Structures are given as structure tokens and as C-alpha cells.
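Enquirer: Sharing structure19.cif below, mmCIF, C-alpha atoms (C1' of nucleotides):
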data_run
#
loop_
_atom_site.label_atom_id
_atom_site.label_comp_id
_atom_site.auth_asym_id
_atom_site.auth_seq_id
_atom_site.Cartn_x
_atom_site.Cartn_y
_atom_site.Cartn_z
CA MET A 1 0.00 0.00 0.00
CA LYS A 2 2.41 2.66 -1.20
CA LYS A 3 0.77 6.03 -1.71
CA GLU A 4 1.32 7.37 -5.21
CA GLY A 5 -0.66 10.56 -5.13
CA ARG A 6 1.38 12.50 -7.64
CA LYS A 7 1.54 9.68 -10.16
CA ASP A 8 -2.22 9.30 -10.06
CA GLU A 9 -2.59 13.02 -10.61
CA ILE A 10 -0.43 12.76 -13.70
CA LEU A 11 -2.49 9.87 -15.04
CA LYS A 12 -5.71 11.74 -14.41
CA VAL A 13 -4.54 14.94 -16.09
CA ALA A 14 -3.04 13.00 -18.99
CA ALA A 15 -6.25 11.05 -19.52
CA ARG A 16 -8.23 14.27 -19.63
CA LEU A 17 -5.92 15.70 -22.28
CA PHE A 18 -5.88 12.44 -24.25
CA LYS A 19 -9.65 12.53 -24.37
CA LYS A 20 -9.65 16.06 -25.72
CA LYS A 21 -6.94 15.79 -28.38
CA GLY A 22 -5.87 12.15 -28.61
CA TYR A 23 -2.66 10.57 -27.35
CA ALA A 24 -0.42 11.53 -30.26
CA ALA A 25 -1.43 15.20 -30.18
CA VAL A 26 -0.68 15.62 -26.47
CA THR A 27 2.94 16.43 -25.59
CA MET A 28 4.74 15.89 -22.34
CA ARG A 29 4.93 19.68 -22.09
CA ASP A 30 1.13 19.87 -22.36
CA ILE A 31 0.72 17.43 -19.48
CA ALA A 32 3.33 19.27 -17.42
CA LYS A 33 1.72 22.65 -18.07
CA ALA A 34 -1.64 21.35 -16.88
CA LEU A 35 0.07 20.39 -13.61
CA ASP A 36 1.99 23.67 -13.46
CA ILE A 37 5.39 21.99 -13.54
CA LYS A 38 8.09 21.43 -16.19
CA ALA A 39 8.07 18.46 -18.53
CA ALA A 40 11.29 17.02 -17.15
CA SER A 41 9.75 16.84 -13.68
CA LEU A 42 7.23 14.29 -14.89
CA TYR A 43 10.04 11.77 -15.13
CA ASN A 44 10.40 11.70 -11.35
CA HIS A 45 7.07 9.86 -11.35
CA ILE A 46 6.70 8.03 -14.64
CA SER A 47 9.21 6.42 -16.94
CA SER A 48 7.81 7.43 -20.33
CA LYS A 49 4.82 8.80 -22.21
CA GLN A 50 4.08 5.24 -23.29
CA GLU A 51 3.82 4.13 -19.68
CA ILE A 52 1.13 6.73 -19.02
CA LEU A 53 -0.98 5.36 -21.85
CA LYS A 54 -0.38 1.79 -20.79
CA MET A 55 -1.47 2.43 -17.21
CA ILE A 56 -4.61 4.24 -18.30
CA ILE A 57 -5.74 1.64 -20.81
CA ILE A 58 -4.67 -1.70 -19.40
CA SER A 59 -6.24 -1.16 -15.98
CA ILE A 60 -9.64 -0.47 -17.53
CA ALA A 61 -9.36 -3.28 -20.05
CA GLU A 62 -8.53 -5.72 -17.26
CA GLU A 63 -11.48 -4.52 -15.22
CA PHE A 64 -13.85 -5.12 -18.15
CA THR A 65 -12.48 -8.56 -18.87
CA GLU A 66 -12.53 -9.68 -15.26
CA GLU A 67 -16.04 -8.44 -14.62
CA MET A 68 -17.23 -10.00 -17.85
CA ASN A 69 -15.90 -13.34 -16.69
CA VAL A 70 -17.85 -13.01 -13.46
CA ILE A 71 -21.02 -12.13 -15.34
CA TYR A 72 -20.58 -14.91 -17.86
CA THR A 73 -20.29 -17.59 -15.18
CA ASN A 74 -23.20 -16.19 -13.18
CA ASP A 75 -26.15 -18.51 -12.84
CA VAL A 76 -28.85 -16.21 -14.22
CA SER A 77 -30.73 -15.85 -17.51
CA SER A 78 -29.02 -14.38 -20.56
CA ILE A 79 -31.22 -11.30 -20.35
CA GLU A 80 -30.08 -10.77 -16.78
CA LYS A 81 -26.49 -11.11 -17.89
CA LEU A 82 -26.98 -8.48 -20.57
CA LYS A 83 -28.41 -6.14 -17.97
CA LYS A 84 -25.37 -6.67 -15.81
CA ILE A 85 -23.15 -5.83 -18.78
CA VAL A 86 -25.02 -2.59 -19.32
CA ALA A 87 -24.61 -1.71 -15.65
CA LEU A 88 -20.90 -2.51 -15.82
CA HIS A 89 -20.37 -0.14 -18.72
CA VAL A 90 -22.40 2.63 -17.15
CA ASN A 91 -20.49 2.23 -13.91
CA ILE A 92 -17.05 2.40 -15.51
CA ALA A 93 -18.00 5.23 -17.85
CA TYR A 94 -19.22 7.26 -14.87
CA LYS A 95 -16.12 6.82 -12.80
CA ASN A 96 -13.60 7.00 -15.62
CA SER A 97 -14.93 8.87 -18.62
CA TYR A 98 -11.45 10.10 -19.57
CA GLY A 99 -9.86 6.69 -19.49
CA MET A 100 -12.63 5.28 -21.64
CA ALA A 101 -11.69 7.71 -24.38
CA SER A 102 -8.14 6.37 -24.48
CA LEU A 103 -9.39 2.80 -24.35
CA ASN A 104 -11.57 3.43 -27.38
CA ASN A 105 -9.38 5.72 -29.43
CA ASP A 106 -5.74 5.33 -28.45
CA TRP A 107 -5.26 1.61 -27.95
CA MET A 108 -3.41 1.38 -31.26
CA HIS A 109 -0.58 3.42 -29.75
CA LEU A 110 0.17 0.75 -27.19
CA GLU A 111 3.38 -0.94 -28.22
CA GLU A 112 4.62 -3.80 -26.03
CA GLN A 113 1.14 -4.13 -24.52
CA LEU A 114 -0.80 -4.09 -27.78
CA GLU A 115 -0.98 -7.85 -28.07
CA TYR A 116 -2.09 -8.23 -24.46
CA TYR A 117 -4.74 -5.56 -24.92
CA LEU A 118 -6.13 -7.36 -27.95
CA GLU A 119 -6.30 -10.61 -25.98
CA LEU A 120 -8.29 -8.87 -23.27
CA ARG A 121 -10.65 -7.35 -25.81
CA ASN A 122 -11.16 -10.61 -27.64
CA SER A 123 -11.88 -12.43 -24.42
CA TYR A 124 -14.45 -9.82 -23.51
CA GLU A 125 -16.14 -9.93 -26.90
CA ASP A 126 -16.16 -13.73 -27.03
CA ASN A 127 -17.98 -13.90 -23.72
CA PHE A 128 -20.44 -11.25 -24.86
CA ARG A 129 -21.12 -13.17 -28.06
CA SER A 130 -21.65 -16.41 -26.14
CA ILE A 131 -24.19 -14.78 -23.87
CA ILE A 132 -26.20 -13.58 -26.85
CA LYS A 133 -26.04 -16.97 -28.53
CA GLU A 134 -27.16 -18.75 -25.38
CA GLY A 135 -30.02 -16.28 -25.11
CA ILE A 136 -31.12 -17.09 -28.63
CA ASN A 137 -30.92 -20.84 -28.00
CA ALA A 138 -32.98 -20.42 -24.83
CA ASN A 139 -35.55 -18.40 -26.78
CA GLU A 140 -35.00 -15.39 -24.56
CA ILE A 141 -33.67 -13.36 -27.47
CA ILE A 142 -35.09 -13.00 -30.99
CA HIS A 143 -33.51 -15.10 -33.74
CA GLY A 144 -31.63 -12.24 -35.37
CA ASN A 145 -28.08 -11.82 -36.57
CA THR A 146 -25.83 -12.36 -33.55
CA GLU A 147 -22.99 -10.21 -34.84
CA ILE A 148 -25.23 -7.27 -35.52
CA MET A 149 -26.83 -7.44 -32.09
CA LEU A 150 -23.40 -7.65 -30.49
CA PHE A 151 -22.04 -4.81 -32.56
CA SER A 152 -25.02 -2.60 -31.97
CA ILE A 153 -25.12 -2.98 -28.20
CA LEU A 154 -21.36 -2.72 -27.87
CA SER A 155 -21.16 0.42 -30.00
CA THR A 156 -23.62 2.16 -27.74
CA LEU A 157 -21.95 1.03 -24.53
CA ARG A 158 -18.50 1.96 -25.79
CA SER A 159 -19.69 5.46 -26.63
CA LEU A 160 -21.19 6.16 -23.23
CA TYR A 161 -18.11 8.08 -22.15
CA LEU A 162 -18.85 10.70 -24.80
CA TRP A 163 -22.22 11.38 -23.46
CA ILE A 164 -22.22 10.87 -19.71
CA PRO A 165 -20.23 14.01 -18.79
CA LYS A 166 -22.87 16.15 -20.53
CA LYS A 167 -25.85 14.68 -18.74
CA GLU A 168 -24.95 14.77 -15.10
CA GLU A 169 -28.50 15.45 -14.08
CA LEU A 170 -29.42 11.95 -15.22
CA LYS A 171 -28.45 9.58 -12.51
CA SER A 172 -26.71 6.31 -13.12
CA GLU A 173 -29.60 4.03 -12.15
CA GLU A 174 -32.02 5.80 -14.42
CA LEU A 175 -29.55 5.62 -17.30
CA VAL A 176 -29.18 1.88 -16.80
CA ASN A 177 -32.94 1.42 -16.91
CA ASN A 178 -33.34 3.45 -20.07
CA LEU A 179 -30.50 1.65 -21.80
CA ASN A 180 -31.95 -1.71 -20.82
CA GLN A 181 -35.19 -0.70 -22.43
CA VAL A 182 -33.66 0.53 -25.67
CA LEU A 183 -30.86 -2.01 -26.06
CA ILE A 184 -32.29 -5.17 -24.50
CA ASP A 185 -36.05 -5.03 -24.69
CA GLY A 186 -35.49 -4.36 -28.39
CA ILE A 187 -33.97 -7.79 -28.96
CA ARG A 188 -36.02 -9.66 -26.39
CA ASN A 189 -38.61 -12.31 -27.09
CA HIS A 190 -41.94 -11.63 -25.39
CA MET B 1 -15.07 19.59 -64.15
CA LYS B 2 -11.36 19.65 -63.61
CA LYS B 3 -9.84 16.22 -63.13
CA GLU B 4 -7.81 15.99 -59.96
CA GLY B 5 -6.75 12.38 -59.97
CA ARG B 6 -3.56 12.78 -57.98
CA LYS B 7 -5.15 14.93 -55.29
CA ASP B 8 -7.88 12.36 -54.79
CA GLU B 9 -5.25 9.65 -54.47
CA ILE B 10 -3.56 11.65 -51.74
CA LEU B 11 -6.83 12.12 -49.87
CA LYS B 12 -7.62 8.44 -50.16
CA VAL B 13 -4.22 7.29 -48.91
CA ALA B 14 -4.23 9.89 -46.14
CA ALA B 15 -7.68 8.84 -44.96
CA ARG B 16 -6.55 5.23 -44.80
CA LEU B 17 -3.57 6.18 -42.64
CA PHE B 18 -5.66 8.50 -40.48
CA LYS B 19 -8.02 5.64 -39.78
CA LYS B 20 -5.17 3.40 -38.71
CA LYS B 21 -3.21 5.79 -36.49
CA GLY B 22 -5.18 9.00 -36.15
CA TYR B 23 -4.48 12.36 -37.78
CA ALA B 24 -1.85 13.59 -35.33
CA ALA B 25 0.21 10.40 -35.53
CA VAL B 26 0.42 10.43 -39.34
CA THR B 27 3.22 12.50 -40.83
CA MET B 28 3.48 14.00 -44.28
CA ARG B 29 6.39 11.62 -44.83
CA ASP B 30 4.10 8.68 -43.98
CA ILE B 31 1.57 9.80 -46.58
CA ALA B 32 4.30 10.37 -49.15
CA LYS B 33 5.88 6.98 -48.53
CA ALA B 34 2.55 5.26 -49.08
CA LEU B 35 2.41 6.96 -52.47
CA ASP B 36 6.08 6.22 -53.18
CA ILE B 37 7.06 9.88 -53.48
CA LYS B 38 8.81 12.43 -51.27
CA ALA B 39 6.93 14.53 -48.73
CA ALA B 40 7.73 17.80 -50.47
CA SER B 41 6.06 16.54 -53.64
CA LEU B 42 2.71 16.42 -51.89
CA TYR B 43 2.71 20.20 -51.87
CA ASN B 44 2.29 20.30 -55.63
CA HIS B 45 -1.24 19.02 -54.99
CA ILE B 46 -2.32 20.17 -51.57
CA SER B 47 -1.50 23.27 -49.57
CA SER B 48 -1.13 21.78 -46.07
CA LYS B 49 -1.76 18.77 -43.87
CA GLN B 50 -4.73 20.64 -42.42
CA GLU B 51 -6.28 20.93 -45.85
CA ILE B 52 -6.20 17.17 -46.28
CA LEU B 53 -8.14 16.68 -43.06
CA LYS B 54 -10.57 19.43 -43.95
CA MET B 55 -11.37 17.95 -47.36
CA ILE B 56 -11.89 14.48 -45.92
CA ILE B 57 -14.16 15.53 -43.09
CA ILE B 58 -16.17 18.44 -44.40
CA SER B 59 -17.33 16.69 -47.56
CA ILE B 60 -18.77 13.80 -45.56
CA ALA B 61 -20.29 16.05 -42.92
CA GLU B 62 -22.00 18.08 -45.62
CA GLU B 63 -23.34 14.96 -47.26
CA PHE B 64 -24.86 13.78 -43.98
CA THR B 65 -26.41 17.13 -43.21
CA GLU B 66 -27.86 17.60 -46.69
CA GLU B 67 -29.32 14.12 -46.86
CA MET B 68 -30.74 14.49 -43.37
CA ASN B 69 -32.54 17.63 -44.49
CA VAL B 70 -34.06 15.72 -47.40
CA ILE B 71 -35.17 12.91 -45.12
CA TYR B 72 -36.55 15.26 -42.50
CA THR B 73 -38.78 17.06 -44.98
CA ASN B 74 -39.95 13.81 -46.59
CA ASP B 75 -43.66 13.15 -46.31
CA VAL B 76 -43.47 9.71 -44.69
CA SER B 77 -43.89 8.30 -41.19
CA SER B 78 -41.21 8.79 -38.55
CA ILE B 79 -40.37 5.10 -38.64
CA GLU B 80 -39.80 5.36 -42.38
CA LYS B 81 -37.55 8.34 -41.82
CA LEU B 82 -35.49 6.41 -39.29
CA LYS B 83 -35.10 3.60 -41.79
CA LYS B 84 -33.85 6.08 -44.36
CA ILE B 85 -31.32 7.39 -41.85
CA VAL B 86 -30.03 3.86 -41.26
CA ALA B 87 -29.70 3.34 -45.00
CA LEU B 88 -27.86 6.65 -45.35
CA HIS B 89 -25.28 5.66 -42.74
CA VAL B 90 -24.78 2.20 -44.18
CA ASN B 91 -24.35 3.67 -47.62
CA ILE B 92 -21.75 6.24 -46.62
CA ALA B 93 -19.89 3.81 -44.34
CA TYR B 94 -19.65 1.35 -47.24
CA LYS B 95 -18.29 3.81 -49.74
CA ASN B 96 -16.07 5.77 -47.37
CA SER B 97 -15.07 3.74 -44.35
CA TYR B 98 -11.74 5.57 -44.05
CA GLY B 99 -13.27 9.01 -44.12
CA MET B 100 -15.79 8.04 -41.46
CA ALA B 101 -12.94 7.31 -39.08
CA SER B 102 -11.62 10.86 -39.44
CA LEU B 103 -15.10 12.30 -39.13
CA ASN B 104 -15.57 10.46 -35.84
CA ASN B 105 -12.11 10.72 -34.32
CA ASP B 106 -10.21 13.61 -35.84
CA TRP B 107 -12.76 16.40 -36.14
CA MET B 108 -11.19 18.18 -33.15
CA HIS B 109 -8.07 18.83 -35.20
CA LEU B 110 -9.98 20.97 -37.66
CA GLU B 111 -8.98 24.55 -37.01
CA GLU B 112 -10.66 27.20 -39.15
CA GLN B 113 -13.39 24.75 -40.08
CA LEU B 114 -14.12 23.50 -36.58
CA GLU B 115 -17.01 25.85 -35.99
CA TYR B 116 -18.56 25.05 -39.36
CA TYR B 117 -18.22 21.34 -38.68
CA LEU B 118 -20.00 21.71 -35.34
CA GLU B 119 -22.82 23.59 -37.02
CA LEU B 120 -23.25 20.78 -39.53
CA ARG B 121 -23.24 18.18 -36.77
CA ASN B 122 -25.71 20.09 -34.64
CA SER B 123 -28.04 20.55 -37.57
CA TYR B 124 -27.89 16.84 -38.26
CA GLU B 125 -28.55 15.89 -34.65
CA ASP B 126 -31.37 18.40 -34.26
CA ASN B 127 -33.21 16.93 -37.21
CA PHE B 128 -32.63 13.42 -35.88
CA ARG B 129 -34.02 14.41 -32.50
CA SER B 130 -37.07 16.04 -34.07
CA ILE B 131 -37.85 12.90 -36.03
CA ILE B 132 -37.80 10.82 -32.85
CA LYS B 133 -39.96 13.30 -30.98
CA GLU B 134 -42.50 13.43 -33.79
CA GLY B 135 -42.57 9.64 -33.79
CA ILE B 136 -43.32 9.61 -30.09
CA ASN B 137 -46.08 12.20 -30.47
CA ALA B 138 -47.62 10.18 -33.30
CA ASN B 139 -47.47 7.05 -31.12
CA GLU B 140 -45.21 5.29 -33.61
CA ILE B 141 -42.37 5.15 -31.08
CA ILE B 142 -42.48 4.12 -27.41
CA HIS B 143 -42.57 6.88 -24.82
CA GLY B 144 -38.96 6.48 -23.69
CA ASN B 145 -36.15 8.95 -23.11
CA THR B 146 -35.57 10.77 -26.40
CA GLU B 147 -31.94 11.54 -25.74
CA ILE B 148 -31.09 7.96 -24.94
CA MET B 149 -32.80 6.65 -28.04
CA LEU B 150 -30.99 9.23 -30.15
CA PHE B 151 -27.67 8.50 -28.51
CA SER B 152 -28.05 4.76 -28.80
CA ILE B 153 -28.98 4.68 -32.47
CA LEU B 154 -26.42 7.28 -33.40
CA SER B 155 -23.61 5.51 -31.57
CA THR B 156 -24.24 2.36 -33.52
CA LEU B 157 -24.54 4.13 -36.85
CA ARG B 158 -21.40 6.18 -36.25
CA SER B 159 -19.43 3.02 -35.46
CA LEU B 160 -20.42 1.19 -38.62
CA TYR B 161 -17.16 2.15 -40.31
CA LEU B 162 -15.27 0.03 -37.79
CA TRP B 163 -17.16 -3.01 -38.63
CA ILE B 164 -18.13 -2.94 -42.26
CA PRO B 165 -14.66 -3.64 -43.69
CA LYS B 166 -14.50 -6.88 -41.71
CA LYS B 167 -17.82 -8.25 -42.87
CA GLU B 168 -17.73 -7.95 -46.61
CA GLU B 169 -19.72 -11.10 -47.08
CA LEU B 170 -22.73 -9.36 -45.59
CA LYS B 171 -24.28 -7.26 -48.27
CA SER B 172 -25.49 -3.73 -47.71
CA GLU B 173 -29.20 -4.45 -48.07
CA GLU B 174 -29.10 -7.25 -45.55
CA LEU B 175 -27.18 -5.10 -43.11
CA VAL B 176 -29.81 -2.37 -43.40
CA ASN B 177 -32.58 -4.86 -42.65
CA ASN B 178 -30.83 -6.27 -39.63
CA LEU B 179 -30.04 -2.85 -38.24
CA ASN B 180 -33.64 -1.77 -38.75
CA GLN B 181 -34.73 -4.73 -36.72
CA VAL B 182 -32.32 -4.17 -33.85
CA LEU B 183 -32.33 -0.38 -33.74
CA ILE B 184 -35.84 0.55 -34.81
CA ASP B 185 -38.16 -2.33 -34.03
CA GLY B 186 -36.74 -2.11 -30.51
CA ILE B 187 -38.19 1.35 -29.96
CA ARG B 188 -41.31 0.87 -32.04
CA ASN B 189 -44.84 0.74 -30.72
CA HIS B 190 -46.77 -2.33 -31.91
"C1'" DC C 1 20.09 21.77 13.64
"C1'" DA C 2 21.65 18.30 10.29
"C1'" DA C 3 20.74 14.67 7.06
"C1'" DG C 4 18.30 12.68 3.65
"C1'" DC C 5 15.18 12.42 0.08
"C1'" DA C 6 11.31 13.32 -2.97
"C1'" DA C 7 10.24 16.37 -6.34
"C1'" DA C 8 10.95 20.31 -8.52
"C1'" DC C 9 14.22 22.94 -11.57
"C1'" DT C 10 17.61 24.42 -15.88
"C1'" DA C 11 19.94 23.15 -19.89
"C1'" DA C 12 20.61 20.46 -23.43
"C1'" DC C 13 20.45 16.35 -26.68
"C1'" DA C 14 19.28 14.03 -31.05
"C1'" DG C 15 15.56 13.06 -33.84
"C1'" DT C 16 11.22 14.39 -36.09
"C1'" DT C 17 7.81 17.68 -37.71
"C1'" DG C 18 5.41 20.56 -41.47
"C1'" DT C 19 6.81 23.37 -44.92
"C1'" DT C 20 9.61 26.29 -48.40
"C1'" DA C 21 12.83 27.26 -52.20
"C1'" DG C 22 14.94 26.06 -56.06
"C1'" DT C 23 15.93 22.42 -59.53
"C1'" DT C 24 15.23 18.43 -62.53
"C1'" DT C 25 12.40 15.00 -64.73
"C1'" DT C 26 8.44 13.52 -67.34
"C1'" DA C 27 5.07 13.58 -70.68
"C1'" DA C 28 1.82 15.92 -73.53
"C1'" DT C 29 1.22 19.56 -77.12
"C1'" DA C 30 2.41 22.82 -80.81
"C1'" DT D 1 11.52 18.41 -82.54
"C1'" DA D 2 10.99 22.23 -79.41
"C1'" DT D 3 8.06 24.08 -75.78
"C1'" DT D 4 5.69 24.02 -71.79
"C1'" DA D 5 3.49 22.78 -67.67
"C1'" DA D 6 2.78 19.32 -64.21
"C1'" DA D 7 4.85 16.76 -60.87
"C1'" DA D 8 8.65 14.82 -59.13
"C1'" DC D 9 13.20 15.74 -56.82
"C1'" DT D 10 17.16 17.57 -53.21
"C1'" DA D 11 18.34 20.40 -49.51
"C1'" DA D 12 17.33 22.92 -45.88
"C1'" DC D 13 14.73 25.63 -42.23
"C1'" DA D 14 12.89 26.61 -37.60
"C1'" DA D 15 10.04 24.75 -34.35
"C1'" DC D 16 8.86 21.01 -31.59
"C1'" DT D 17 9.35 16.16 -29.75
"C1'" DG D 18 10.50 12.77 -25.77
"C1'" DT D 19 14.01 12.22 -22.79
"C1'" DT D 20 18.50 12.63 -19.99
"C1'" DA D 21 21.91 14.74 -16.85
"C1'" DG D 22 23.00 17.36 -13.28
"C1'" DT D 23 21.43 20.75 -9.82
"C1'" DT D 24 18.49 23.12 -6.46
"C1'" DT D 25 14.53 23.43 -3.38
"C1'" DG D 26 11.84 22.33 0.50
"C1'" DC D 27 9.89 19.17 3.73
"C1'" DT D 28 10.33 15.32 7.16
"C1'" DT D 29 12.72 12.93 10.52
"C1'" DG D 30 16.57 11.67 13.75
#
Kindly return the structure encoded in the file as C-alpha cells.
Expert:
Amino acid sequence: MKKEGRKDEILKVAARLFKKKGYAAVTMRDIAKALDIKAASLYNHISSKQEILKMIIISIAEEFTEEMNVIYTNDVSSIEKLKKIVALHVNIAYKNSYGMASLNNDWMHLEEQLEYYLELRNSYEDNFRSIIKEGINANEIIHGNTEIMLFSILSTLRSLYLWIPKKEELKSEELVNNLNQVLIDGIRNH
Amino acid sequence: MKKEGRKDEILKVAARLFKKKGYAAVTMRDIAKALDIKAASLYNHISSKQEILKMIIISIAEEFTEEMNVIYTNDVSSIEKLKKIVALHVNIAYKNSYGMASLNNDWMHLEEQLEYYLELRNSYEDNFRSIIKEGINANEIIHGNTEIMLFSILSTLRSLYLWIPKKEELKSEELVNNLNQVLIDGIRNH
DNA sequence: CAAGCAAACTAACAGTTGTTAGTTTTAATA
DNA sequence: TATTAAAACTAACAACTGTTAGTTTGCTTG
């Protein structure tokens, strides 16, 4: 339990700038200026610009993959699993809207960790796909095109970070309910 | 009707690279290398890197806004209008998957044209929102949260470019039908 | 008060960036 | 064949990039 206050500040500020302009367009001097220090001082806390990106992205990607594994092995209906996935995305997008931007838009700038990131993403998507397929087999979900349902739901969930900061009046629980209606009731058999 | 073959080639190659790495991470030397020429030679055809981005993004944004105006003033039901919007997105994503990536991810690097771009986008979204609201008032669409329906459909449509290149076996018409089912039947009253 | 250390600083580096100027090649036209 | 214009080239620029080295500052603890 080492306290790393300053490093976390750097990651937070960097993520905010990455969301606004993208990883490649943000310089170390930009990050430093936002913290009111000089660029060289950043290197007392982090080892490279790459490391900043890695820490932002990999931690979120791991959280998604781990939680998805929990949901997948839960003993509930497929519809219930989908609802838990929606809640997971809303939850993470609320607490880390900046990091979500990097996860979505800057993952290709990972270098040593690119392969690992892609494994995490594939694992997540495979579980998601399996849940939909099991829902179709159990007649909980309409017999539509699995890939298009997956893609459609995932696109919306992945874009939540763009939208949540603007609508703070809408509270998390209400957002989950509305998304369940639009995304899940739409593909449900009833 | 001046033929500008070489300029179009540059825009096409640049858009492909922008999709892969993002505008800021692509250098003029990258674009030149992909065309097997030197960076300085690009300036016989274009005036700046900025201009390349501008031409890629603004032309698509204008197409969306113009077509949306046509759809909005069409004399058909709201559901029919939504189906036309889906078809519009599928159509543009098919013919210009690279440009769509810049439109979605690199618009913030527009400089003089940023304001104009935002006007186009707002006009598009306002019309979209009005169509949904009219559908709700006419009892064609369920009485849900307008913003969430708008956001959900739009997120999926805006992400099509990511997905279409991978699924070439699925033809455009079939994709439109499947998306109509998932995106529109889900919010429809029946 | 002295020692030690985290975290800031200044100065500089080697490489990369978009872009310009001036020159040569290429290919179509007169 | 001679002319011309488009489109390539080489060379260079000033600014900016991530990062390193060495130094100073300021707080905490013995």
C-alpha cells in the first residue's frame, strides 16, 4: 500500500488531455503545463509517455475482462447477464470517462502491450457473443443476426463516455434502466 | 469539371492512414511513402496537412447534413424516416469507411473549419431528435427517453465504419434490414 | 540543527515535424 | 523536334518532440 498521489494526478490529467486531443497530439509539455510543472519533472514519477498510456488503458481493459468473466459464469438468464453488462459499462463510464476515451481511441498506440490488450478485448467480446447466442438458443432473445446485435449494443456502450459528462443530471440508475429498455427489450422475445 | 486524380489519391491514402493511427500520428512523410514519393512533392497538390483533413471531413459532414434535411422534410412516417437514416449511414460507411474514421475521431483537429463542422453536426442531430420526438407524439415510437434513443442509435450508426470492412460477405441491403430490426423495431410501438 | 530524500528545476540532446525554395524529370502539345 | 506545364526531386529551415543529466529546493525525521 504505497501512496502514489502524484503519479495518479499525472495519469488523471493526462487522460483528460488524451480525451480532448488524442494521445499523439498531447505532448509531455502539455501534461506538465496542466500540472503547473516542467516536462522534465514528470520523469520523477513516470518512466515514459508510453507508460502513461499503458497504465490508463490496461487497468480499464482488465477490469472489463474480469467483470465479464464473473457475469458470464453467473447462474442467471441471458437477459439478466446483458443487464449486468449494461450496468458494468455505465459504472465504468461514470467513474472513468477520460480513461474510456483512451481505451476506445488510443489503444493502437500501445506498443509492447498491444498484443495483451487485444487478448483482453477478444476475451471480452467472445464472452459477450456467447451470452447472446445462449439467449437465442434459450428463446429469450429474438432469432436475429448475432454479430449485428453484439455490434449494436457494444457500440452504444463503448460510446457512453462521450455522453455521460454532458448529462450529469441523469443519474446512473435511471440511465441503466433506459438503456436496458432501448438495447435489450429491443432484442427480447416476449 | 477539372480532373484531380492525384489529389484524390492523396486524400484516399491519407484517410486510410488517419483511420489506422489518427491524424496527429500520421506524418506527411508517412503519406508520401505510401504513395512512393517524397513529402515535399505532396505540396504540388495540396496546400497543407490541415487541408487534407478538412477535405476528408467536411465533404462527408455536408453529405450527412444535406441528406438528413431531405429525409426530415420527406412526407413519410417517422419510422420510415429512421429507416432512411439507417440506409444513409450504411451507404456512406460502405463507400467511405476511411473518411468516417476521421469524421468520428479527428474532427477536433480541424482549425478554421471546426465551428462550421459543429454547425453541420448540430443541424444533423437536431433533425434526428425532431424525427424521434415526432414519432413519439404520433405514437409510432415508445414513450422512452428521447436523448437515450438518439444516442443509442447514433452511436451504432457512427461506429459502422469500424465493422463494415470486416464483414464484406454481408451485403449492404441485408445489413440495413438487420439494423432496422435491432435499432428501430426495438423502440417501435406495436 | 543536520541529514536525507522526494520532487521540482535548468539546460541540453538528437531526432522528427510541417513546410519552403529552387531544380530536374516527365510527358503531352504545338 | 521544341516548348511548356505538371509533378517529381534535393536540400534545408525553424520549431517542436521525448528524454536525460545534473542541480536546487523544501519538507520530514533523527
Enquirer: Excluding stretch 117-133 of chain A and its own-chain neighbours fewer than 3 positions away, which residues fall within 7 Å of it when counting only C-alpha atoms (C1' of nucleotides)? Please give them as an MDAnalysis selection string.
Expert: chainID A and resid 58 61:62 65 68 72 78 113:114 136:137 146 150
Enquirer: Within 8 Å of chain A, which residues of chain C are there when counting all atoms listed in the file? Please give them as JSON, numbers by chain.
Expert: {"C": [7, 8, 9]}
Enquirer: Could you list, as an NGL selection string, the residues of chain D having an atom within 10 Å of chain A when counting all atoms listed in the file?
Expert: :D and (16-20)
Enquirer: Output as a PyMOL selection string the set of chain B residues within 10 Å of chain A, with distances taken over all atoms listed in the file.
Expert: chain B and resi 20-26+105-109+142+144-149+151-160+162-163+167+175+178-179+181-188
Enquirer: Name the residues that the PyMOL selection byres ((chain D and resi 24-29) around 12) picks from the file above, as a VMD selection string, using the file's chain letters and numbers.
Expert: (chain C and resid 1 to 10) or (chain D and resid 22 to 23 30)
Enquirer: Take the PyMOL selection byres ((chain B and resi 95) around 12), run it mentally on this structure, and tell me the resulting residues as a count of residues only.
Expert: 19
Enquirer: Please report the interatomic distance between atom CA of B:Ser102 and atom CA of B:Ala87 in Å with one decimal.
Expert: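 Distance reported for this atom pair: 20.4 Å.
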Enquirer: Output the residue selection produced by the PyMOL selection byres ((chain C and resi 14-26) around 7) on the file above, formatted as a PyMOL selection string.
Expert: (chain C and resi 13+27) or (chain D and resi 8-9+17)
Enquirer: Kindly give the distance, in Å, that separates atom CA of A:Ile71 and atom CA of A:Gly135, rounded to a single decimal.
Expert: 13.9 Å
Enquirer: So the first atom is atom CA of B:Ile46 and the second is atom CA of B:Lys7; what is the distance between them in Å, to one decimal place?
Expert: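 Value for the atom CA of B:Ile46-atom CA of B:Lys7 distance: 7.0 Å.
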Enquirer: With only C-alpha atoms (C1' of nucleotides) as the counted atoms, please give the residues lying no more than 10 Å from C:DA30, apart from itself and same-chain residues fewer than 4 positions off, as number ranges by chain.
Expert: D: 2-4
Enquirer: Near B:Ala34, counting only C-alpha atoms (C1' of nucleotides), which residues have an atom at most 9 Å away, once you skip same-chain residues fewer than 5 positions from it, shown as a PyMOL selection string?
Expert: chain B and resi 13-14+17+29
Enquirer: Counting all atoms listed in the file, which of A:Asn139, A:Asn189, A:Ile10, A:Ile31 gets nearest to A:Met55?
Expert: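 Closest candidate: A:Ile10.
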